[in-house]
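Remarks on the structure that follows.
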Amino acid sequence: MSSEVIPSIQTQCGTVSIIGRPNVGKSTLLNHLVGYKISAIANKPQTTRTNIRGIVTELENESHPGYQIIFTDTPGIHLNSKNLLNRTLNSEAVAAVEDVDAIIFIVEALKWTDEDDFVISRLVHTTKPVLLLINKVDRIKEKERLFEFLQMVSKKRDFAELIPVSAAKGINTDILIESLLKVLPKSEFIYPEDYITDKSVRFICSELIREQLVLNLHEELPYTTAVEIERYEETDSLVTIEVVIWTDRKNQKGIIIGKKGETLKRIGQGARRSLEEFLMKKVMLKQWVKVEENWQNNPRHLNELGIISNREL
């Protein structure tokens, strides 16, 4: 009786969490790696409110038998946890370092803060390889200062790699992929080769709309708002989206709408451009602003918005 020879798996497939304090470029990196905007980007903290997976698949070629890397973009880990929303964001980010094959820890070049130390403290028990990415190096003119910074951060813990990058410009992201392939296991692909995320189209649309809230509203106001899609209908040529923008105080409703509706109109125009680029169709967007006091501490509302799960209630 002859025994069948089972071919060994050549492809690589693994999970990688992207962590760091707020506003260091985690979502920018994810979007660049995936090649699509699937995570909201704004130069303000708390833009990302839930873990978002981005899937990068490279099929077999002359230099590699093929790989699939499942990246998880996480909320910024921060010291301020004054309400349920903030505590949930921290928990989401910390949980993301469990059961992964590697961790990417992003910091901003020349700017190490107490929150970066706090992130390091969350990694003390992990045995997984941690790659330190020093982001925004394209902004540094004095390379000697960057070298000194690299020497300083290398002493913070035993990192698998230290990689200076620019997530916005894609500098050294190819080196990042090569470094990850050194530690990711050989495995069959988890997702079909054409998948770029495990999130629904509705979720990404709500994130693109919320991005415009963060970009167009000042001070703390964006952090007291949330976006909920109430209707999503798609035809061959048109997508109709109806959304509710939630805020927690009546006076903020007027600020979001603006004088003669100008602010809400500007938010809608920016959102429509992003939505049409993502959906590759014409979009009809309708927006309403509603008030629910203290929604950031309301487990039911956080669950409906997909920020907190039923099991956490």
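Going by the structure tokens order, chains are called A, B, ..., each with residues numbered from 1, while ligands are numbered from 1 in the order shown.
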
Inset, instruction - Could you give me, as a count of residues only, each residue of region 52-291 of chain A that DSSP assigns to strand (DSSP E) when run on this structure's backbone? - result: 61

Which region 232-272 of chain A residues have any atom within 12 Å of an atom of region 198-202 of chain A, and for each, what is the nearest pair of atoms with distance in Å to one decimal, counting only C-alpha atoms, rows sorted by chain and number, as CSV?
```
residue,atom,partner,partner_atom,distance
A:Tyr232,CA,A:Arg202,CA,7.3
A:Glu233,CA,A:Arg202,CA,10.1
A:Glu234,CA,A:Val201,CA,11.1
A:Val239,CA,A:Arg202,CA,11.1
A:Thr240,CA,A:Arg202,CA,11.3
A:Ile241,CA,A:Arg202,CA,9.1
A:Glu242,CA,A:Arg202,CA,10.9
A:Val243,CA,A:Arg202,CA,10.6
```

Keeping only N, CA, C and O atoms, write the selected residues as a short mmCIF file (atom, residue, chain, number, x, y, z; two decimals), in the first residue's frame.
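Here's the written file part_35.cif:
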```cif
data_model
loop_
_atom_site.label_atom_id
_atom_site.label_comp_id
_atom_site.auth_asym_id
_atom_site.auth_seq_id
_atom_site.Cartn_x
_atom_site.Cartn_y
_atom_site.Cartn_z
N TYR A 232 -29.12 52.24 4.50
CA TYR A 232 -28.10 52.08 3.47
C TYR A 232 -28.72 51.28 2.34
O TYR A 232 -29.08 50.12 2.52
N GLU A 233 -28.89 51.93 1.19
CA GLU A 233 -29.47 51.26 0.02
C GLU A 233 -28.57 51.50 -1.18
O GLU A 233 -28.11 52.61 -1.42
N GLU A 234 -28.35 50.44 -1.96
CA GLU A 234 -27.42 50.53 -3.08
C GLU A 234 -28.07 50.01 -4.35
O GLU A 234 -28.70 48.95 -4.36
N VAL A 239 -25.78 55.10 -4.24
CA VAL A 239 -25.87 54.61 -2.86
C VAL A 239 -26.55 55.71 -2.03
O VAL A 239 -26.10 56.85 -2.00
N THR A 240 -27.63 55.34 -1.36
CA THR A 240 -28.34 56.26 -0.48
C THR A 240 -28.01 55.92 0.96
O THR A 240 -28.20 54.78 1.40
N ILE A 241 -27.51 56.91 1.69
CA ILE A 241 -27.11 56.70 3.08
C ILE A 241 -27.77 57.75 3.95
O ILE A 241 -27.67 58.96 3.68
N GLU A 242 -28.47 57.29 4.98
CA GLU A 242 -29.08 58.19 5.95
C GLU A 242 -28.44 57.93 7.30
O GLU A 242 -28.39 56.79 7.76
N VAL A 243 -27.92 59.00 7.93
CA VAL A 243 -27.18 58.83 9.19
C VAL A 243 -27.71 59.76 10.27
O VAL A 243 -28.25 60.84 9.98
#
```

Inset, instruction - Determine, counting only C-alpha atoms, which protein, DNA and RNA residues have an atom within 10 Å of an atom of Pro129 (chain A); residues of the same chain fewer than 3 positions away are not included. Present the result as a PyMOL selection string. - result: chain A and resi 16+100-104+126+132+158-161+180+183-184

Non-local contacts of Ile120 (chain A) (9 Å; only C-alpha atoms; under 2 positions in same chain excluded) as a short mmCIF file (atom, residue, chain, number, x, y, z; two decimals) with N, CA, C and O atoms, in the first residue's frame:
```
data_model
loop_
_atom_site.label_atom_id
_atom_site.label_comp_id
_atom_site.auth_asym_id
_atom_site.auth_seq_id
_atom_site.Cartn_x
_atom_site.Cartn_y
_atom_site.Cartn_z
N GLY A 20 -0.18 51.78 19.91
CA GLY A 20 0.56 53.00 20.22
C GLY A 20 -0.38 54.01 20.83
O GLY A 20 -1.59 53.82 20.87
N PHE A 105 4.57 48.36 17.38
CA PHE A 105 4.42 49.47 18.32
C PHE A 105 4.93 50.73 17.62
O PHE A 105 6.10 50.83 17.27
N GLU A 115 2.65 58.49 27.75
CA GLU A 115 1.72 57.50 27.18
C GLU A 115 2.47 56.41 26.43
O GLU A 115 2.03 55.26 26.40
N ASP A 116 3.61 56.74 25.82
CA ASP A 116 4.45 55.70 25.20
C ASP A 116 4.97 54.74 26.26
O ASP A 116 4.99 53.52 26.05
N ASP A 117 5.38 55.27 27.41
CA ASP A 117 5.80 54.41 28.52
C ASP A 117 4.65 53.53 29.00
O ASP A 117 4.85 52.36 29.36
N PHE A 118 3.46 54.10 29.00
CA PHE A 118 2.27 53.35 29.42
C PHE A 118 2.02 52.18 28.46
O PHE A 118 1.69 51.07 28.88
N ARG A 122 2.11 47.87 29.01
CA ARG A 122 1.08 46.91 28.61
C ARG A 122 1.69 45.71 27.87
O ARG A 122 1.02 44.71 27.65
N LEU A 123 2.95 45.83 27.48
CA LEU A 123 3.61 44.77 26.70
C LEU A 123 4.56 43.93 27.54
O LEU A 123 5.22 43.03 27.01
N VAL A 124 4.61 44.20 28.82
CA VAL A 124 5.65 43.59 29.65
C VAL A 124 5.56 42.06 29.69
O VAL A 124 6.58 41.37 29.81
N LYS A 156 14.43 50.75 25.80
CA LYS A 156 13.15 50.66 26.51
C LYS A 156 12.72 49.21 26.73
O LYS A 156 12.10 48.88 27.72
N ARG A 157 13.03 48.34 25.75
CA ARG A 157 12.76 46.91 25.87
C ARG A 157 13.50 46.20 24.74
O ARG A 157 14.08 46.85 23.86
#
```

Inset, instruction - Have a look at CA of Leu133 (chain A) and CA of Ser17 (chain A) and let me know their distance in Å, one decimal. - result: 12.5 Å

Inset, instruction - Could you tell me which of A:Arg249, A:Lys111, A:Arg231, A:Lys169 comes closest to Asn23 (chain A) if we count only C-alpha atoms? - result: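 Smallest distance to Asn23 (chain A) is found for A:Lys111.
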
Inset, instruction - Could you check which of A:Tyr67, A:Phe278, A:Phe189, A:Trp288 is closest to Val227 (chain A), using only C-alpha atoms? - result: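 The closest residue to Val227 (chain A) is A:Trp288.
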
Legend entry - Closest of A:Arg53, A:Lys136, A:Lys281, A:His64 to Leu110 (chain A) - atom-to-atom distances counting only C-alpha atoms: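 Of all the options, A:Lys136 lies closest to Leu110 (chain A).
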
Inset, instruction - Tell me which of A:Leu279, A:Ile70, A:Ile229, A:Ile140 sits closest to Val244 (chain A), counting only C-alpha atoms. - result: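 Selected residue with least distance to Val244 (chain A): A:Ile229.
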